[in-house]
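Dropping target01.pdb in here (PDB, C-alpha atoms and all ligand atoms):
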ATOM      1  CA  MET U   1      -4.275 -10.548 -17.491  1.00  0.00           C
ATOM      2  CA  VAL U   2      -5.598  -7.608 -15.459  1.00  0.00           C
ATOM      3  CA  ILE U   3      -5.854  -8.126 -11.715  1.00  0.00           C
ATOM      4  CA  GLY U   4      -7.938  -5.619  -9.812  1.00  0.00           C
ATOM      5  CA  VAL U   5      -7.221  -4.607  -6.249  1.00  0.00           C
ATOM      6  CA  LEU U   6     -10.164  -3.394  -4.195  1.00  0.00           C
ATOM      7  CA  ALA U   7      -8.992   0.080  -3.258  1.00  0.00           C
ATOM      8  CA  ILE U   8     -11.261   0.989  -0.375  1.00  0.00           C
ATOM      9  CA  GLN U   9      -8.814   0.495   2.469  1.00  0.00           C
ATOM     10  CA  GLY U  10      -5.600  -1.417   3.155  1.00  0.00           C
ATOM     11  CA  ASP U  11      -2.255  -1.922   1.445  1.00  0.00           C
ATOM     12  CA  VAL U  12      -3.325  -1.511  -2.170  1.00  0.00           C
ATOM     13  CA  GLU U  13       0.016  -0.317  -3.633  1.00  0.00           C
ATOM     14  CA  GLU U  14       1.919  -3.298  -2.215  1.00  0.00           C
ATOM     15  CA  HIS U  15      -0.517  -5.636  -3.969  1.00  0.00           C
ATOM     16  CA  GLU U  16      -0.081  -3.717  -7.223  1.00  0.00           C
ATOM     17  CA  GLU U  17       3.709  -4.110  -6.993  1.00  0.00           C
ATOM     18  CA  ALA U  18       3.435  -7.844  -6.313  1.00  0.00           C
ATOM     19  CA  ILE U  19       1.012  -8.254  -9.247  1.00  0.00           C
ATOM     20  CA  LEU U  20       3.563  -6.578 -11.537  1.00  0.00           C
ATOM     21  CA  LYS U  21       6.358  -8.788 -10.161  1.00  0.00           C
ATOM     22  CA  ALA U  22       4.234 -11.865 -10.931  1.00  0.00           C
ATOM     23  CA  GLY U  23       3.881 -10.628 -14.522  1.00  0.00           C
ATOM     24  CA  TYR U  24       0.304  -9.309 -14.554  1.00  0.00           C
ATOM     25  CA  GLU U  25      -1.299  -5.894 -14.897  1.00  0.00           C
ATOM     26  CA  PRO U  26      -2.741  -4.311 -11.732  1.00  0.00           C
ATOM     27  CA  LYS U  27      -5.769  -2.040 -11.603  1.00  0.00           C
ATOM     28  CA  LYS U  28      -7.333  -0.236  -8.647  1.00  0.00           C
ATOM     29  CA  VAL U  29     -11.028  -1.024  -8.188  1.00  0.00           C
ATOM     30  CA  LYS U  30     -12.945   1.823  -6.572  1.00  0.00           C
ATOM     31  CA  ARG U  31     -16.333   1.692  -8.179  1.00  0.00           C
ATOM     32  CA  VAL U  32     -18.689  -0.773  -9.808  1.00  0.00           C
ATOM     33  CA  GLY U  33     -17.628   0.188 -13.367  1.00  0.00           C
ATOM     34  CA  ASP U  34     -14.042  -0.916 -12.667  1.00  0.00           C
ATOM     35  CA  LEU U  35     -15.196  -4.530 -12.281  1.00  0.00           C
ATOM     36  CA  LYS U  36     -15.789  -4.832 -16.035  1.00  0.00           C
ATOM     37  CA  GLU U  37     -12.126  -4.161 -16.782  1.00  0.00           C
ATOM     38  CA  ILE U  38     -10.548  -6.903 -14.685  1.00  0.00           C
ATOM     39  CA  ASP U  39     -10.027 -10.666 -14.959  1.00  0.00           C
ATOM     40  CA  ALA U  40      -9.716 -11.249 -11.218  1.00  0.00           C
ATOM     41  CA  LEU U  41      -9.976  -9.300  -7.972  1.00  0.00           C
ATOM     42  CA  ILE U  42      -7.859  -9.075  -4.840  1.00  0.00           C
ATOM     43  CA  ILE U  43      -9.450  -8.020  -1.570  1.00  0.00           C
ATOM     44  CA  PRO U  44      -6.582  -6.776   0.590  1.00  0.00           C
ATOM     45  CA  GLY U  45      -6.033  -6.675   4.328  1.00  0.00           C
ATOM     46  CA  GLY U  46      -7.308  -3.849   6.462  1.00  0.00           C
ATOM     47  CA  GLU U  47     -10.278  -3.857   8.781  1.00  0.00           C
ATOM     48  CA  SER U  48     -12.956  -6.221   7.539  1.00  0.00           C
ATOM     49  CA  THR U  49     -15.861  -4.507   9.316  1.00  0.00           C
ATOM     50  CA  THR U  50     -14.997  -1.190   7.667  1.00  0.00           C
ATOM     51  CA  ILE U  51     -14.307  -2.676   4.234  1.00  0.00           C
ATOM     52  CA  GLY U  52     -17.643  -4.562   4.353  1.00  0.00           C
ATOM     53  CA  LYS U  53     -19.599  -1.425   5.245  1.00  0.00           C
ATOM     54  CA  LEU U  54     -17.913   0.637   2.518  1.00  0.00           C
ATOM     55  CA  MET U  55     -18.375  -2.085  -0.120  1.00  0.00           C
ATOM     56  CA  LYS U  56     -22.073  -2.005   0.643  1.00  0.00           C
ATOM     57  CA  LYS U  57     -22.215   1.805   0.607  1.00  0.00           C
ATOM     58  CA  TYR U  58     -20.518   1.984  -2.821  1.00  0.00           C
ATOM     59  CA  GLY U  59     -22.761  -0.725  -4.282  1.00  0.00           C
ATOM     60  CA  LEU U  60     -19.787  -3.060  -4.675  1.00  0.00           C
ATOM     61  CA  LEU U  61     -20.996  -5.779  -2.306  1.00  0.00           C
ATOM     62  CA  GLU U  62     -23.850  -7.104  -4.442  1.00  0.00           C
ATOM     63  CA  LYS U  63     -21.968  -6.605  -7.714  1.00  0.00           C
ATOM     64  CA  ILE U  64     -18.894  -8.506  -6.513  1.00  0.00           C
ATOM     65  CA  LYS U  65     -21.153 -11.257  -5.142  1.00  0.00           C
ATOM     66  CA  ASN U  66     -22.891 -11.676  -8.503  1.00  0.00           C
ATOM     67  CA  PHE U  67     -20.021 -11.063 -10.889  1.00  0.00           C
ATOM     68  CA  ASN U  68     -18.483 -14.582 -10.828  1.00  0.00           C
ATOM     69  CA  LEU U  69     -14.993 -13.080 -10.710  1.00  0.00           C
ATOM     70  CA  PRO U  70     -12.043 -15.067  -9.410  1.00  0.00           C
ATOM     71  CA  ILE U  71     -11.195 -13.508  -6.037  1.00  0.00           C
ATOM     72  CA  LEU U  72      -8.164 -13.696  -3.772  1.00  0.00           C
ATOM     73  CA  GLY U  73      -8.815 -12.433  -0.258  1.00  0.00           C
ATOM     74  CA  THR U  74      -5.893 -11.775   2.060  1.00  0.00           C
ATOM     75  CA  CYS U  75      -6.308 -11.305   5.808  1.00  0.00           C
ATOM     76  CA  ALA U  76      -9.376  -9.019   6.107  1.00  0.00           C
ATOM     77  CA  GLY U  77     -10.126 -10.243   2.558  1.00  0.00           C
ATOM     78  CA  MET U  78     -10.312 -13.811   3.911  1.00  0.00           C
ATOM     79  CA  VAL U  79     -12.778 -12.636   6.545  1.00  0.00           C
ATOM     80  CA  LEU U  80     -14.924 -10.965   3.863  1.00  0.00           C
ATOM     81  CA  LEU U  81     -15.034 -14.097   1.672  1.00  0.00           C
ATOM     82  CA  SER U  82     -16.219 -16.219   4.598  1.00  0.00           C
ATOM     83  CA  LYS U  83     -19.750 -17.127   5.635  1.00  0.00           C
ATOM     84  CA  GLY U  84     -19.326 -16.043   9.255  1.00  0.00           C
ATOM     85  CA  THR U  85     -17.102 -14.766  12.029  1.00  0.00           C
ATOM     86  CA  GLY U  86     -19.413 -15.114  15.022  1.00  0.00           C
ATOM     87  CA  LEU U  87     -19.764 -11.327  14.927  1.00  0.00           C
ATOM     88  CA  ASN U  88     -22.370  -9.186  13.275  1.00  0.00           C
ATOM     89  CA  GLN U  89     -20.662  -7.813  10.164  1.00  0.00           C
ATOM     90  CA  ILE U  90     -21.232  -7.467   6.425  1.00  0.00           C
ATOM     91  CA  LEU U  91     -19.613 -10.298   4.429  1.00  0.00           C
ATOM     92  CA  LEU U  92     -19.543 -11.497   0.825  1.00  0.00           C
ATOM     93  CA  GLU U  93     -20.238 -15.087   2.026  1.00  0.00           C
ATOM     94  CA  LEU U  94     -18.756 -16.590  -1.135  1.00  0.00           C
ATOM     95  CA  MET U  95     -16.695 -19.368   0.471  1.00  0.00           C
ATOM     96  CA  ASP U  96     -17.903 -22.285   2.576  1.00  0.00           C
ATOM     97  CA  ILE U  97     -15.779 -21.393   5.585  1.00  0.00           C
ATOM     98  CA  THR U  98     -16.158 -19.601   8.870  1.00  0.00           C
ATOM     99  CA  VAL U  99     -13.208 -17.716  10.317  1.00  0.00           C
ATOM    100  CA  LYS U 100     -11.925 -16.615  13.658  1.00  0.00           C
ATOM    101  CA  ARG U 101     -10.730 -13.012  13.517  1.00  0.00           C
ATOM    102  CA  ASN U 102      -7.535 -11.944  15.310  1.00  0.00           C
ATOM    103  CA  ALA U 103      -6.968 -15.635  15.971  1.00  0.00           C
ATOM    104  CA  TYR U 104      -3.418 -15.379  17.226  1.00  0.00           C
ATOM    105  CA  GLY U 105      -4.205 -13.269  20.273  1.00  0.00           C
ATOM    106  CA  ARG U 106      -2.250 -10.391  21.667  1.00  0.00           C
ATOM    107  CA  GLN U 107       1.333 -11.558  22.129  1.00  0.00           C
ATOM    108  CA  LYS U 108       1.498 -12.807  18.573  1.00  0.00           C
ATOM    109  CA  ASP U 109      -0.663 -10.064  17.098  1.00  0.00           C
ATOM    110  CA  SER U 110       1.846  -9.717  14.272  1.00  0.00           C
ATOM    111  CA  PHE U 111       4.657 -12.067  13.290  1.00  0.00           C
ATOM    112  CA  GLU U 112       6.440 -13.545  10.299  1.00  0.00           C
ATOM    113  CA  LYS U 113       7.254 -17.174   9.623  1.00  0.00           C
ATOM    114  CA  GLU U 114       7.646 -19.728   6.883  1.00  0.00           C
ATOM    115  CA  ILE U 115       4.562 -21.773   6.221  1.00  0.00           C
ATOM    116  CA  GLU U 116       3.855 -24.853   4.137  1.00  0.00           C
ATOM    117  CA  PHE U 117       2.009 -23.982   0.908  1.00  0.00           C
ATOM    118  CA  LYS U 118       0.532 -26.612  -1.414  1.00  0.00           C
ATOM    119  CA  ASP U 119       2.697 -27.199  -4.524  1.00  0.00           C
ATOM    120  CA  LEU U 120       4.909 -24.197  -3.658  1.00  0.00           C
ATOM    121  CA  GLY U 121       6.726 -25.597  -0.625  1.00  0.00           C
ATOM    122  CA  LYS U 122       7.762 -23.041   1.958  1.00  0.00           C
ATOM    123  CA  VAL U 123       6.338 -19.547   1.585  1.00  0.00           C
ATOM    124  CA  TYR U 124       7.133 -16.621   3.840  1.00  0.00           C
ATOM    125  CA  GLY U 125       4.019 -15.527   5.694  1.00  0.00           C
ATOM    126  CA  VAL U 126       3.524 -12.064   7.179  1.00  0.00           C
ATOM    127  CA  PHE U 127       0.678 -12.267   9.702  1.00  0.00           C
ATOM    128  CA  ILE U 128      -0.891  -9.031  10.998  1.00  0.00           C
ATOM    129  CA  ARG U 129      -3.745  -9.500  13.465  1.00  0.00           C
ATOM    130  CA  ALA U 130      -4.537 -12.440  11.249  1.00  0.00           C
ATOM    131  CA  PRO U 131      -7.700 -14.506  11.004  1.00  0.00           C
ATOM    132  CA  VAL U 132      -7.607 -18.293  10.604  1.00  0.00           C
ATOM    133  CA  VAL U 133     -10.134 -20.679   9.118  1.00  0.00           C
ATOM    134  CA  ASP U 134     -12.369 -21.928  11.903  1.00  0.00           C
ATOM    135  CA  LYS U 135     -14.768 -24.339  10.173  1.00  0.00           C
ATOM    136  CA  ILE U 136     -14.841 -25.784   6.679  1.00  0.00           C
ATOM    137  CA  LEU U 137     -18.476 -26.156   5.633  1.00  0.00           C
ATOM    138  CA  SER U 138     -18.230 -28.176   2.403  1.00  0.00           C
ATOM    139  CA  ASN U 139     -16.080 -30.705   0.602  1.00  0.00           C
ATOM    140  CA  ASP U 140     -15.429 -28.171  -2.158  1.00  0.00           C
ATOM    141  CA  VAL U 141     -12.969 -26.322   0.075  1.00  0.00           C
ATOM    142  CA  GLU U 142      -9.348 -27.370  -0.307  1.00  0.00           C
ATOM    143  CA  ILE U 143      -6.728 -26.556   2.324  1.00  0.00           C
ATOM    144  CA  ILE U 144      -3.679 -25.017   0.623  1.00  0.00           C
ATOM    145  CA  ALA U 145      -1.661 -23.579   3.507  1.00  0.00           C
ATOM    146  CA  ARG U 146      -1.097 -24.472   7.134  1.00  0.00           C
ATOM    147  CA  ASP U 147       0.690 -22.960  10.087  1.00  0.00           C
ATOM    148  CA  GLU U 148       1.131 -26.004  12.363  1.00  0.00           C
ATOM    149  CA  ASP U 149      -2.429 -26.934  13.382  1.00  0.00           C
ATOM    150  CA  LYS U 150      -3.967 -23.764  11.950  1.00  0.00           C
ATOM    151  CA  ILE U 151      -5.519 -23.479   8.486  1.00  0.00           C
ATOM    152  CA  VAL U 152      -4.181 -20.279   6.906  1.00  0.00           C
ATOM    153  CA  GLY U 153      -4.960 -20.854   3.217  1.00  0.00           C
ATOM    154  CA  VAL U 154      -7.979 -22.318   1.389  1.00  0.00           C
ATOM    155  CA  ARG U 155      -9.309 -22.512  -2.125  1.00  0.00           C
ATOM    156  CA  GLN U 156     -12.822 -23.192  -3.407  1.00  0.00           C
ATOM    157  CA  GLY U 157     -13.232 -23.068  -7.173  1.00  0.00           C
ATOM    158  CA  ARG U 158     -12.370 -19.572  -8.297  1.00  0.00           C
ATOM    159  CA  TYR U 159     -11.998 -18.242  -4.750  1.00  0.00           C
ATOM    160  CA  MET U 160      -8.885 -18.301  -2.601  1.00  0.00           C
ATOM    161  CA  ALA U 161      -8.361 -16.942   0.908  1.00  0.00           C
ATOM    162  CA  LEU U 162      -5.157 -16.448   2.888  1.00  0.00           C
ATOM    163  CA  SER U 163      -4.603 -15.402   6.511  1.00  0.00           C
ATOM    164  CA  PHE U 164      -1.303 -13.713   5.711  1.00  0.00           C
ATOM    165  CA  HIS U 165      -0.040 -10.938   3.424  1.00  0.00           C
ATOM    166  CA  PRO U 166       1.761 -12.235   0.293  1.00  0.00           C
ATOM    167  CA  GLU U 167       2.165  -8.628  -0.897  1.00  0.00           C
ATOM    168  CA  LEU U 168       4.579  -7.969   1.972  1.00  0.00           C
ATOM    169  CA  SER U 169       7.142 -10.723   1.355  1.00  0.00           C
ATOM    170  CA  ASP U 170       9.790 -11.082  -1.361  1.00  0.00           C
ATOM    171  CA  ASP U 171       8.540 -14.517  -2.464  1.00  0.00           C
ATOM    172  CA  GLY U 172       4.846 -13.581  -2.181  1.00  0.00           C
ATOM    173  CA  TYR U 173       4.505 -13.048  -5.951  1.00  0.00           C
ATOM    174  CA  LYS U 174       4.536 -16.878  -6.302  1.00  0.00           C
ATOM    175  CA  VAL U 175       1.190 -16.949  -4.539  1.00  0.00           C
ATOM    176  CA  TYR U 176      -0.326 -14.618  -7.174  1.00  0.00           C
ATOM    177  CA  LYS U 177       0.904 -16.950  -9.921  1.00  0.00           C
ATOM    178  CA  TYR U 178      -0.640 -19.871  -8.045  1.00  0.00           C
ATOM    179  CA  PHE U 179      -3.915 -17.936  -7.780  1.00  0.00           C
ATOM    180  CA  VAL U 180      -3.942 -17.206 -11.529  1.00  0.00           C
ATOM    181  CA  GLU U 181      -3.096 -20.837 -12.419  1.00  0.00           C
ATOM    182  CA  LYS U 182      -5.720 -22.376 -10.125  1.00  0.00           C
ATOM    183  CA  CYS U 183      -8.534 -19.847 -10.013  1.00  0.00           C
ATOM    184  CA  VAL U 184      -8.384 -17.674 -13.132  1.00  0.00           C
ATOM    185  CA  LYS U 185      -7.207 -19.774 -16.100  1.00  0.00           C
TER     186      LYS U 185
HETATM  187  N1  LIG U 201      -7.990  -8.143  12.081  1.00  0.00           N
HETATM  188  C1  LIG U 201      -8.465  -7.628  10.840  1.00  0.00           C
HETATM  189  C2  LIG U 201      -9.927  -7.990  10.624  1.00  0.00           C
HETATM  190  O1  LIG U 201     -10.404  -8.946  11.157  1.00  0.00           O
HETATM  191  C3  LIG U 201      -7.629  -8.141   9.685  1.00  0.00           C
HETATM  192  C4  LIG U 201      -6.209  -7.677   9.808  1.00  0.00           C
HETATM  193  C5  LIG U 201      -5.524  -7.507   8.486  1.00  0.00           C
HETATM  194  O2  LIG U 201      -6.140  -7.504   7.423  1.00  0.00           O
HETATM  195  N2  LIG U 201      -4.229  -7.303   8.530  1.00  0.00           N
HETATM  196  O3  LIG U 201     -10.602  -7.320   9.881  1.00  0.00           O
END
Could the structure of this file be written out as structure tokens, please?
Ligand code: GLN
Amino acid sequence: MVIGVLAIQGDVEEHEEAILKAGYEPKKVKRVGDLKEIDALIIPGGESTTIGKLMKKYGLLEKIKNFNLPILGTCAGMVLLSKGTGLNQILLELMDITVKRNAYGRQKDSFEKEIEFKDLGKVYGVFIRAPVVDKILSNDVEIIARDEDKIVGVRQGRYMALSFHPELSDDGYKVYKYFVEKCVK
């Protein structure tokens, strides 16, 4: 099982380490040709506006949209999978959700806490200027993680989006296994 990590911007190496810890093979994805060598793709955190622009520039946007790959988007990756943010930015629009960027405001820009994750119980969540799901636009979207009243994890078929960074916590590798079980197999 080869899991690609979009290596345009963001914490790519941390994802690669977590993929190894979960028992899979990581591979950096930098150009369109790399997509043929992977079974699933992770879109990491970073700055979604920048990642969107660069995906388009490198021809990755349309290819990823049409490739039918299982995709896990974390933080900025969640933003990119969504259908809208209320701002004018380039998105993949693969999931029936809209998101609110930087939803936790200034004081709580970044924080860590345990959250409730479907089937996994408590998972440690590292939130960095995190988005949350604003609206769910179809019944195909399943909520898989919550932080109190906020939706911080969703799945729709082969796509999964998380507000937080599983690559930055010790137990985060469980989330990659969950992704493979639910979205890839
Ligand atoms: N705030 C960033 C954005 O909306 C996401 C932050 C992150 O990925 N850590 O693009």
Subject >> Given the PyMOL selection byres (((chain U and resi 159) around 9) and not hetatm), the residues it picks as a list in words >> reply: Leu69, Pro70, Ile71, Leu72, Gly73, Leu81, Leu94, Met95, Val154, Arg155, Gln156, Gly157, Arg158, Met160, Ala161, Phe179 and Cys183 of chain U
**OP:** I would like the residues chosen by the PyMOL selection byres (((not hetatm)) within 9 of (chain U and resi 201)) on the shown file; could you give them as a ChimeraX atom specification?
**Re:** /U:10,44-51,74-80,85,100-103,110,127-131,163-165
Restricting the output to C-alpha atoms, write the selected residues as a tab-separated table (two decimals), keeping the file's coordinate frame.
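This is the output file out23.tsv:
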chain	number	residue	atom	x	y	z
U	10	GLY	CA	-5.60	-1.42	3.16
U	44	PRO	CA	-6.58	-6.78	0.59
U	45	GLY	CA	-6.03	-6.68	4.33
U	46	GLY	CA	-7.31	-3.85	6.46
U	47	GLU	CA	-10.28	-3.86	8.78
U	48	SER	CA	-12.96	-6.22	7.54
U	49	THR	CA	-15.86	-4.51	9.32
U	50	THR	CA	-15.00	-1.19	7.67
U	51	ILE	CA	-14.31	-2.68	4.23
U	74	THR	CA	-5.89	-11.78	2.06
U	75	CYS	CA	-6.31	-11.30	5.81
U	76	ALA	CA	-9.38	-9.02	6.11
U	77	GLY	CA	-10.13	-10.24	2.56
U	78	MET	CA	-10.31	-13.81	3.91
U	79	VAL	CA	-12.78	-12.64	6.54
U	80	LEU	CA	-14.92	-10.96	3.86
U	85	THR	CA	-17.10	-14.77	12.03
U	100	LYS	CA	-11.92	-16.61	13.66
U	101	ARG	CA	-10.73	-13.01	13.52
U	102	ASN	CA	-7.54	-11.94	15.31
U	103	ALA	CA	-6.97	-15.64	15.97
U	110	SER	CA	1.85	-9.72	14.27
U	127	PHE	CA	0.68	-12.27	9.70
U	128	ILE	CA	-0.89	-9.03	11.00
U	129	ARG	CA	-3.74	-9.50	13.46
U	130	ALA	CA	-4.54	-12.44	11.25
U	131	PRO	CA	-7.70	-14.51	11.00
U	163	SER	CA	-4.60	-15.40	6.51
U	164	PHE	CA	-1.30	-13.71	5.71
U	165	HIS	CA	-0.04	-10.94	3.42
Original post:
If you count all atoms listed in the file, which residues fall within 12 Å of U:His15, apart from same-chain ones fewer than 6 positions away, as a PyMOL selection string?
Top reply: chain U and resi 3-7+21-22+24-28+41-45+72-74+165-170+172-173+175-176
Original post:
Closest to U:Ile38 among U:Leu20, U:Ile64, U:Val152, U:Val2, using only C-alpha atoms?
Top reply: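 Checking each candidate against U:Ile38, we get U:Val2 as the closest.
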**OP:** Kindly resolve the PyMOL selection byres (((chain U and resi 84) around 10) and not hetatm) on the present coordinates and return the residues as a VMD selection string.
**Re:** chain U and resid 79 to 83 85 to 93 95 to 100 134 to 135
**OP:** Can you work out the spacing between atom CA of U:Glu17 and atom CA of U:Met1 in Å, to one decimal?
**Re:**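 It comes out at 14.7 Å.
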Subject >> Residues near U:Ile115, cut-off 6 Å, all atoms listed in the file, skip fewer than 2 positions along chain, as a ChimeraX atom specification >> reply: /U:122-123,147
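Taking atom CA of U:Asn68 and atom CA of U:Lys185 as endpoints, the distance between them is 13.5 Å.
Each of U:Leu54, U:Val184, U:Ala145, U:Ile8 was compared to U:Tyr124 using only C-alpha atoms, and U:Ala145 turns out to be the nearest.
From atom CA of U:Phe117 back to atom CA of U:Ile144, the distance works out to 5.8 Å.
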Subject >> Among the residues U:Ser138, U:Ile19, U:Gly33, U:Asp149, the one that comes closest to U:Tyr178 [using only C-alpha atoms] >> reply: U:Ile19
